[in-house]
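Beneath this line is the structure, given in structure tokens, with notes to follow.
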Amino acid sequence: MKRLRVLHVIGGGEFGGAERHILNLATAMKKEMVEVSVCCLFADPFVKVAREAGIKSHSVPMRHKMDFGIVTKLRDLIIEEKIDIVHTHGVRANLVGRLAARMAGVETVVTTVHSLLAQDYPDLFSRLANTFIERASRGLTTHFIAVSGGLQKALVQQGIPEKRITVIYNGLNPDFFRIKGSVGRWRQSAGFSPGVPLVAIVGRLHPVKGHLYFLRAAAEILKERTDVHFLVVGSGPERDSLEDYTMKLGISDHVTFTGFVSDVSELMPDLNLLIVPSLWEGFGLTALEAMAVGVPVVATSVGGLPEIVDHGTTGLLVPPADEAGLTRGIVWMLDHPQEAVEMAAAAKEVVEQKFSASAMARRTEDLYWRLLEKEQDGKKLPD
């Protein structure tokens, strides 16, 4: 059996859920079956992160949003690397990856859908433009992977036939999230004493992630409990406005913006509580990462999150865009530490049983081979 050559195409200008997904997937693939490489449309930060993880990575930077000269560069890379399957992630990468694959003669193109465009682009013009771009080239994709059942339903409603969609849950490499060294190392280096409850939101600073509701809930909680400290972990375009809003709420002394953290596995075990207040979440990889190390989770009941968090058993679910409900969920967890620990322990078991990177990789490998076999069958001439 030949070894497949798969090229993942992604923006790579940030290190969010899609980038972490590729990292987990690529490192869990059977190397004797699949050779994975990555091509990023931005030079930093994902190219460096992927290379450090041992993944062959290329950077073909776009000079501007309308730089379609990149398509021919990507086509040349696909031909040079003798790629069998092009696997795309994100609107811009979908467009140039699909076009380049077609120009290079690669007939099998897979697109993983991580989120809804309507939530990724709150600005009306950007949303309409990106929706048009995405739908205009969808016909060039052979098959879609949805990272949750909720996303699959949304894609079917948008007109994609269900037979062209496979649900493959995100998975984690348990070795990556196995606690290394002593718990408390990150906390100590950041200057927090062992007794300070740390409540965090981890993710790119984008409106869809619900940071405003996190900060409003923090302001309400701090009226009664000044011992709690809140962390905003990640980078993104909303940082300045969120820091200004934190000052406006008068809680700057109790909120720390950490910026981008390359190794979340070092920080996560030192948290008392992870909050996922997203307005929409295709899957909820950050929640899964917290669950993997036994950190209690409060998340909104949107998108794929209810497929990960079982309310009252492995965490708490609250309504989206509801700071009062979010506040109640956080306070309940802080006031019931024993119950929170029991939920976290149950959640850790679920992650190990259901959401492993190896399970994700095996299902993806099977899909690759099925698609290639179908392509080869289609090329056979009738007797």
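Residues in the structure tokens are numbered from 1 in each chain, the chains being A, B, ... in the order shown, and ligands are numbered from 1 in the order shown.
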Mind dumping a table of every region 311-373 of chain A residue within 12 Å of region 4-18 of chain A, with the nearest atom pair and its distance in Å to one decimal, using only C-alpha atoms, sorted by chain and rising number, as CSV?
```
residue,atom,partner,partner_atom,distance
A:Thr364,CA,A:Val6,CA,11.3
A:Glu365,CA,A:Leu4,CA,9.3
A:Asp366,CA,A:Leu4,CA,11.6
A:Tyr368,CA,A:Leu4,CA,8.6
A:Trp369,CA,A:Leu4,CA,8.6
A:Leu371,CA,A:Leu4,CA,11.9
A:Leu372,CA,A:Leu4,CA,9.7
```
Export of prior selection with C-alpha atoms as a compact mmCIF listing (two decimals), in the first residue's frame:
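Wrote it out as part20.txt, contents follow:
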```txt
# COMPACT_ATOMS: atom_id res chain seq x y z
CA THR A 364 -9.74 10.67 8.84
CA GLU A 365 -7.35 8.11 7.34
CA ASP A 366 -10.30 5.85 6.50
CA TYR A 368 -8.96 9.61 2.75
CA TRP A 369 -8.66 6.05 1.44
CA LEU A 371 -12.30 8.98 -1.31
CA LEU A 372 -9.21 7.93 -3.29
```
(Q) Give me, as a PyMOL selection string, all polymer residues having an atom no more than 6 Å from region 227-235 of chain A, counting only C-alpha atoms and skipping those fewer than 3 positions away in the same chain. (A) chain A and resi 197-205+254-260
Limited to N, CA and C atoms, could you put the picked residues into a file as an mmCIF file, in the first residue's frame?
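Just written: out.cif:
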```
data_model
loop_
_atom_site.group_PDB
_atom_site.id
_atom_site.type_symbol
_atom_site.label_atom_id
_atom_site.label_comp_id
_atom_site.auth_asym_id
_atom_site.auth_seq_id
_atom_site.Cartn_x
_atom_site.Cartn_y
_atom_site.Cartn_z
ATOM 1 N N PRO A 197 -8.181 31.726 43.460
ATOM 2 C CA PRO A 197 -8.949 31.042 42.412
ATOM 3 C C PRO A 197 -8.726 31.722 41.058
ATOM 4 N N LEU A 198 -8.295 30.941 40.076
ATOM 5 C CA LEU A 198 -8.063 31.465 38.730
ATOM 6 C C LEU A 198 -9.173 30.981 37.800
ATOM 7 N N VAL A 199 -9.887 31.930 37.223
ATOM 8 C CA VAL A 199 -10.979 31.639 36.291
ATOM 9 C C VAL A 199 -10.582 32.217 34.944
ATOM 10 N N ALA A 200 -10.567 31.392 33.897
ATOM 11 C CA ALA A 200 -9.995 31.842 32.622
ATOM 12 C C ALA A 200 -10.905 31.600 31.438
ATOM 13 N N ILE A 201 -10.709 32.448 30.432
ATOM 14 C CA ILE A 201 -11.232 32.218 29.085
ATOM 15 C C ILE A 201 -10.010 32.081 28.189
ATOM 16 N N VAL A 202 -9.983 31.036 27.366
ATOM 17 C CA VAL A 202 -8.826 30.751 26.511
ATOM 18 C C VAL A 202 -9.279 30.699 25.060
ATOM 19 N N GLY A 203 -8.716 31.550 24.225
ATOM 20 C CA GLY A 203 -9.091 31.548 22.814
ATOM 21 C C GLY A 203 -8.756 32.866 22.151
ATOM 22 N N ARG A 204 -8.922 32.900 20.838
ATOM 23 C CA ARG A 204 -8.624 34.130 20.105
ATOM 24 C C ARG A 204 -9.602 35.228 20.525
ATOM 25 N N LEU A 205 -9.102 36.446 20.541
ATOM 26 C CA LEU A 205 -9.903 37.580 20.994
ATOM 27 C C LEU A 205 -10.751 38.089 19.838
ATOM 28 N N HIS A 254 -8.118 42.970 38.715
ATOM 29 C CA HIS A 254 -8.485 41.568 38.925
ATOM 30 C C HIS A 254 -8.545 40.777 37.614
ATOM 31 N N VAL A 255 -8.086 41.377 36.513
ATOM 32 C CA VAL A 255 -8.112 40.714 35.212
ATOM 33 C C VAL A 255 -6.732 40.836 34.578
ATOM 34 N N THR A 256 -6.198 39.727 34.105
ATOM 35 C CA THR A 256 -4.896 39.721 33.430
ATOM 36 C C THR A 256 -5.068 39.244 31.997
ATOM 37 N N PHE A 257 -4.590 40.037 31.053
ATOM 38 C CA PHE A 257 -4.530 39.644 29.647
ATOM 39 C C PHE A 257 -3.143 39.043 29.421
ATOM 40 N N THR A 258 -3.084 37.741 29.195
ATOM 41 C CA THR A 258 -1.790 37.071 29.084
ATOM 42 C C THR A 258 -1.171 37.201 27.701
ATOM 43 N N GLY A 259 -1.996 37.516 26.683
ATOM 44 C CA GLY A 259 -1.510 37.457 25.318
ATOM 45 C C GLY A 259 -1.448 36.018 24.843
ATOM 46 N N PHE A 260 -0.791 35.799 23.707
ATOM 47 C CA PHE A 260 -0.702 34.469 23.130
ATOM 48 C C PHE A 260 0.153 33.561 24.006
#
```
Q | Polymer residues at most 7 Å from Ala344 (chain A), only C-alpha atoms, same-chain spacing of 3 or more positions, as a ChimeraX atom specification | A | /A:291,294-296,314-315,340-341,347-348
Restricted to C-alpha atoms, what would the selected residues look like written as a PDB file, in the first residue's frame?
```pdb
ATOM      1  CA  MET A 291     -11.557  18.451  30.560  1.00  0.00           C
ATOM      2  CA  GLY A 294      -9.400  17.731  35.064  1.00  0.00           C
ATOM      3  CA  VAL A 295     -10.312  21.425  35.047  1.00  0.00           C
ATOM      4  CA  PRO A 296     -14.053  22.143  35.595  1.00  0.00           C
ATOM      5  CA  THR A 314     -19.183  16.719  33.140  1.00  0.00           C
ATOM      6  CA  GLY A 315     -19.640  20.478  33.468  1.00  0.00           C
ATOM      7  CA  ALA A 340     -16.842  20.729  40.530  1.00  0.00           C
ATOM      8  CA  VAL A 341     -13.991  18.263  41.120  1.00  0.00           C
ATOM      9  CA  ALA A 347     -15.204  14.770  32.093  1.00  0.00           C
ATOM     10  CA  LYS A 348     -11.621  13.497  31.994  1.00  0.00           C
TER      11      LYS A 348
END
```
**Q.** region 39-46 of chain A environment, 10 Å, only C-alpha atoms, sequence neighbours closer than 2 positions dropped, as number ranges by chain
**A.** A: 7-16, 19-20, 23, 37, 48-52, 56-63, 70, 74, 77-78, 88, 92-93, 96-97, 262
Please save C-alpha atoms of the selected residues as a PDB file, in the first residue's frame.
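New file part.pdb:
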```
ATOM      1  CA  LEU A   7      -1.233  18.819   2.226  1.00  0.00           C
ATOM      2  CA  HIS A   8      -3.213  20.865   4.756  1.00  0.00           C
ATOM      3  CA  VAL A   9      -3.785  24.454   3.644  1.00  0.00           C
ATOM      4  CA  ILE A  10      -4.661  27.032   6.327  1.00  0.00           C
ATOM      5  CA  GLY A  11      -4.214  30.738   7.013  1.00  0.00           C
ATOM      6  CA  GLY A  12      -1.992  30.101  10.017  1.00  0.00           C
ATOM      7  CA  GLY A  13      -1.894  33.756  11.043  1.00  0.00           C
ATOM      8  CA  GLU A  14      -3.077  32.783  14.518  1.00  0.00           C
ATOM      9  CA  PHE A  15      -3.011  29.701  16.700  1.00  0.00           C
ATOM     10  CA  GLY A  16      -6.679  28.916  17.226  1.00  0.00           C
ATOM     11  CA  GLU A  19      -4.494  25.142  13.919  1.00  0.00           C
ATOM     12  CA  ARG A  20      -4.608  23.026  17.089  1.00  0.00           C
ATOM     13  CA  LEU A  23      -1.467  19.726  15.071  1.00  0.00           C
ATOM     14  CA  SER A  37       2.560  18.562   5.403  1.00  0.00           C
ATOM     15  CA  LYS A  48       6.926  27.707  13.498  1.00  0.00           C
ATOM     16  CA  VAL A  49       4.630  25.802  15.886  1.00  0.00           C
ATOM     17  CA  ALA A  50       4.038  23.048  13.327  1.00  0.00           C
ATOM     18  CA  ARG A  51       7.753  22.697  12.550  1.00  0.00           C
ATOM     19  CA  GLU A  52       8.549  22.428  16.247  1.00  0.00           C
ATOM     20  CA  LYS A  56       6.799  19.480   7.416  1.00  0.00           C
ATOM     21  CA  SER A  57       5.575  23.056   6.907  1.00  0.00           C
ATOM     22  CA  HIS A  58       5.630  25.633   4.133  1.00  0.00           C
ATOM     23  CA  SER A  59       4.830  29.323   4.088  1.00  0.00           C
ATOM     24  CA  VAL A  60       3.354  30.880   0.938  1.00  0.00           C
ATOM     25  CA  PRO A  61       2.358  34.316   2.253  1.00  0.00           C
ATOM     26  CA  MET A  62      -0.428  36.338   0.657  1.00  0.00           C
ATOM     27  CA  ARG A  63       0.663  39.926   0.116  1.00  0.00           C
ATOM     28  CA  ILE A  70      -0.550  32.655  -4.585  1.00  0.00           C
ATOM     29  CA  LEU A  74       0.522  26.700  -4.238  1.00  0.00           C
ATOM     30  CA  LEU A  77       4.096  23.225  -4.370  1.00  0.00           C
ATOM     31  CA  ILE A  78       1.382  20.579  -4.787  1.00  0.00           C
ATOM     32  CA  THR A  88      -8.303  22.911   3.438  1.00  0.00           C
ATOM     33  CA  ARG A  92      -9.287  31.999   2.264  1.00  0.00           C
ATOM     34  CA  ALA A  93      -7.418  28.691   2.424  1.00  0.00           C
ATOM     35  CA  VAL A  96      -6.860  29.129  -2.953  1.00  0.00           C
ATOM     36  CA  GLY A  97      -6.400  25.484  -1.937  1.00  0.00           C
ATOM     37  CA  SER A 262       2.120  28.820  22.854  1.00  0.00           C
TER      38      SER A 262
END
```
Q: Check region 86-153 of chain A with DSSP on the backbone and list each residue it calls helix (DSSP H, G or I), as a PyMOL selection string.
A: chain A and resi 91-104+117-120+124-140+149-153
For N, CA and C atoms, I'd like the residues from the last selection saved as a compact mmCIF listing (two decimals), in the first residue's frame.
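Done, and the output landed in part24.txt:
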```
# COMPACT_ATOMS: atom_id res chain seq x y z
N VAL A 91 -11.96 30.05 5.07
CA VAL A 91 -12.46 30.59 3.81
C VAL A 91 -11.35 30.87 2.80
N ARG A 92 -10.34 31.62 3.20
CA ARG A 92 -9.29 32.00 2.26
C ARG A 92 -8.50 30.78 1.80
N ALA A 93 -8.16 29.91 2.76
CA ALA A 93 -7.42 28.69 2.42
C ALA A 93 -8.27 27.76 1.57
N ASN A 94 -9.58 27.74 1.83
CA ASN A 94 -10.47 26.91 1.01
C ASN A 94 -10.41 27.35 -0.45
N LEU A 95 -10.52 28.65 -0.67
CA LEU A 95 -10.55 29.17 -2.04
C LEU A 95 -9.25 28.87 -2.79
N VAL A 96 -8.12 29.30 -2.23
CA VAL A 96 -6.86 29.13 -2.95
C VAL A 96 -6.45 27.66 -3.00
N GLY A 97 -6.74 26.90 -1.95
CA GLY A 97 -6.40 25.48 -1.94
C GLY A 97 -7.18 24.69 -2.96
N ARG A 98 -8.48 24.98 -3.07
CA ARG A 98 -9.31 24.27 -4.05
C ARG A 98 -8.88 24.59 -5.48
N LEU A 99 -8.63 25.88 -5.74
CA LEU A 99 -8.23 26.28 -7.09
C LEU A 99 -6.86 25.69 -7.45
N ALA A 100 -5.93 25.74 -6.50
CA ALA A 100 -4.59 25.22 -6.76
C ALA A 100 -4.62 23.72 -6.99
N ALA A 101 -5.45 23.01 -6.22
CA ALA A 101 -5.57 21.56 -6.41
C ALA A 101 -6.09 21.23 -7.80
N ARG A 102 -7.11 21.98 -8.24
CA ARG A 102 -7.67 21.76 -9.57
C ARG A 102 -6.61 22.02 -10.65
N MET A 103 -5.84 23.11 -10.50
CA MET A 103 -4.80 23.44 -11.48
C MET A 103 -3.68 22.40 -11.49
N ALA A 104 -3.44 21.77 -10.32
CA ALA A 104 -2.37 20.79 -10.22
C ALA A 104 -2.82 19.39 -10.61
N LEU A 117 -19.70 30.69 9.26
CA LEU A 117 -19.27 31.99 8.74
C LEU A 117 -20.05 33.14 9.34
N ALA A 118 -21.34 32.92 9.58
CA ALA A 118 -22.18 34.00 10.12
C ALA A 118 -21.67 34.48 11.46
N GLN A 119 -21.03 33.59 12.23
CA GLN A 119 -20.50 33.98 13.52
C GLN A 119 -19.05 34.47 13.43
N ASP A 120 -18.31 33.95 12.46
CA ASP A 120 -16.91 34.36 12.32
C ASP A 120 -16.77 35.79 11.81
N LEU A 124 -21.42 42.92 8.44
CA LEU A 124 -22.30 42.47 7.36
C LEU A 124 -21.57 42.33 6.04
N PHE A 125 -20.78 43.32 5.65
CA PHE A 125 -20.08 43.27 4.36
C PHE A 125 -19.11 42.09 4.32
N SER A 126 -18.32 41.93 5.39
CA SER A 126 -17.36 40.82 5.44
C SER A 126 -18.07 39.48 5.40
N ARG A 127 -19.19 39.41 6.10
CA ARG A 127 -19.93 38.16 6.13
C ARG A 127 -20.47 37.79 4.75
N LEU A 128 -21.04 38.78 4.06
CA LEU A 128 -21.59 38.52 2.72
C LEU A 128 -20.47 38.18 1.73
N ALA A 129 -19.36 38.91 1.80
CA ALA A 129 -18.26 38.67 0.88
C ALA A 129 -17.66 37.29 1.09
N ASN A 130 -17.44 36.91 2.34
CA ASN A 130 -16.82 35.61 2.62
C ASN A 130 -17.78 34.47 2.35
N THR A 131 -19.06 34.69 2.58
CA THR A 131 -20.05 33.66 2.25
C THR A 131 -20.08 33.42 0.74
N PHE A 132 -20.02 34.49 -0.04
CA PHE A 132 -20.01 34.35 -1.50
C PHE A 132 -18.76 33.61 -1.97
N ILE A 133 -17.60 34.00 -1.41
CA ILE A 133 -16.34 33.37 -1.80
C ILE A 133 -16.36 31.88 -1.47
N GLU A 134 -16.86 31.56 -0.28
CA GLU A 134 -16.89 30.16 0.14
C GLU A 134 -17.81 29.33 -0.74
N ARG A 135 -19.01 29.82 -0.98
CA ARG A 135 -19.99 29.03 -1.75
C ARG A 135 -19.61 28.94 -3.22
N ALA A 136 -18.90 29.94 -3.73
CA ALA A 136 -18.54 29.93 -5.15
C ALA A 136 -17.58 28.80 -5.49
N SER A 137 -16.78 28.37 -4.50
CA SER A 137 -15.78 27.33 -4.79
C SER A 137 -16.10 25.99 -4.12
N ARG A 138 -17.23 25.90 -3.46
CA ARG A 138 -17.58 24.65 -2.75
C ARG A 138 -17.65 23.44 -3.67
N GLY A 139 -18.04 23.70 -4.92
CA GLY A 139 -18.17 22.60 -5.87
C GLY A 139 -16.85 21.91 -6.16
N LEU A 140 -15.73 22.55 -5.80
CA LEU A 140 -14.41 21.96 -6.02
C LEU A 140 -13.97 21.05 -4.88
N GLY A 149 -21.90 17.37 15.15
CA GLY A 149 -23.19 17.13 14.53
C GLY A 149 -23.95 18.42 14.26
N GLY A 150 -23.77 19.41 15.15
CA GLY A 150 -24.42 20.69 14.96
C GLY A 150 -23.96 21.38 13.69
N LEU A 151 -22.68 21.28 13.40
CA LEU A 151 -22.15 21.87 12.16
C LEU A 151 -22.65 21.11 10.94
N GLN A 152 -22.75 19.80 11.05
CA GLN A 152 -23.26 19.01 9.93
C GLN A 152 -24.67 19.46 9.55
N LYS A 153 -25.52 19.64 10.56
CA LYS A 153 -26.89 20.09 10.31
C LYS A 153 -26.90 21.45 9.61
```
(Q) Just checking: using only C-alpha atoms, which residue out of A:Asn173, A:Ser241, A:Thr327, A:Ser278 ends up closest to Ala292 (chain A)? (A)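 Checking each of A:Asn173, A:Ser241, A:Thr327, A:Ser278 against Ala292 (chain A), counting only C-alpha atoms, the winner is A:Asn173.
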Q: Write down as number ranges by chain the residues of region 120-300 of chain A whose backbone DSSP state falls under strand (DSSP E).
A: A: 143-146, 165-167, 198-202, 229-233, 255-259, 273-276, 297-300
With C-alpha atoms kept, could you save the residues just selected as a PDB file, in the first residue's frame?
```pdb
ATOM      1  CA  HIS A 143     -15.949  15.876   0.712  1.00  0.00           C
ATOM      2  CA  PHE A 144     -16.544  17.913   3.869  1.00  0.00           C
ATOM      3  CA  ILE A 145     -15.633  17.053   7.441  1.00  0.00           C
ATOM      4  CA  ALA A 146     -17.794  18.662  10.140  1.00  0.00           C
ATOM      5  CA  ILE A 165     -20.347  15.338   4.882  1.00  0.00           C
ATOM      6  CA  THR A 166     -18.704  13.174   7.550  1.00  0.00           C
ATOM      7  CA  VAL A 167     -18.747  14.100  11.237  1.00  0.00           C
ATOM      8  CA  LEU A 198      -8.063  31.465  38.730  1.00  0.00           C
ATOM      9  CA  VAL A 199     -10.979  31.639  36.291  1.00  0.00           C
ATOM     10  CA  ALA A 200      -9.995  31.842  32.622  1.00  0.00           C
ATOM     11  CA  ILE A 201     -11.232  32.218  29.085  1.00  0.00           C
ATOM     12  CA  VAL A 202      -8.826  30.751  26.511  1.00  0.00           C
ATOM     13  CA  HIS A 229      -8.667  36.530  39.551  1.00  0.00           C
ATOM     14  CA  PHE A 230      -9.739  36.340  35.920  1.00  0.00           C
ATOM     15  CA  LEU A 231      -7.449  35.490  32.997  1.00  0.00           C
ATOM     16  CA  VAL A 232      -7.985  36.376  29.344  1.00  0.00           C
ATOM     17  CA  VAL A 233      -5.663  34.024  27.489  1.00  0.00           C
ATOM     18  CA  VAL A 255      -8.112  40.714  35.212  1.00  0.00           C
ATOM     19  CA  THR A 256      -4.896  39.721  33.430  1.00  0.00           C
ATOM     20  CA  PHE A 257      -4.530  39.644  29.647  1.00  0.00           C
ATOM     21  CA  THR A 258      -1.790  37.071  29.084  1.00  0.00           C
ATOM     22  CA  GLY A 259      -1.510  37.457  25.318  1.00  0.00           C
ATOM     23  CA  LEU A 273     -12.273  26.967  36.232  1.00  0.00           C
ATOM     24  CA  LEU A 274     -12.388  27.360  32.441  1.00  0.00           C
ATOM     25  CA  ILE A 275     -15.161  29.435  30.896  1.00  0.00           C
ATOM     26  CA  VAL A 276     -16.299  29.036  27.275  1.00  0.00           C
ATOM     27  CA  VAL A 297     -15.832  23.815  32.675  1.00  0.00           C
ATOM     28  CA  VAL A 298     -18.728  26.265  32.334  1.00  0.00           C
ATOM     29  CA  ALA A 299     -19.751  26.658  28.695  1.00  0.00           C
ATOM     30  CA  THR A 300     -22.589  28.034  26.623  1.00  0.00           C
TER      31      THR A 300
END
```
Q.
Using only C-alpha atoms, which protein or nucleic acid residues come within 7 Å of Glu266 (chain A)? Drop anything in the same chain fewer than 3 positions from it, and give the result as a list of chain:residue names.
A.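 So, after excluding close chain neighbours, the residues are A:Trp186, A:Asp263, A:Pro269.
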Q) Which one is closest to His206 (chain A): A:Gly171, A:Gly184, A:Gly159, A:Pro277? Count only C-alpha atoms. A) A:Pro277
Q. Which one is closest to Gln158 (chain A): A:Ile55, A:Leu116, A:Val183, A:Leu172? Count only C-alpha atoms.
A. A:Leu116
Q. If you measure from CA of Glu289 (chain A) to CA of Asn24 (chain A), what distance in Å do you get, rounded to one decimal?
A. 11.5 Å
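If you measure from each of A:Glu307, A:Asp67, A:Glu375, A:Asp270 to Phe283 (chain A) using only C-alpha atoms, the closest one turns out to be A:Glu307.
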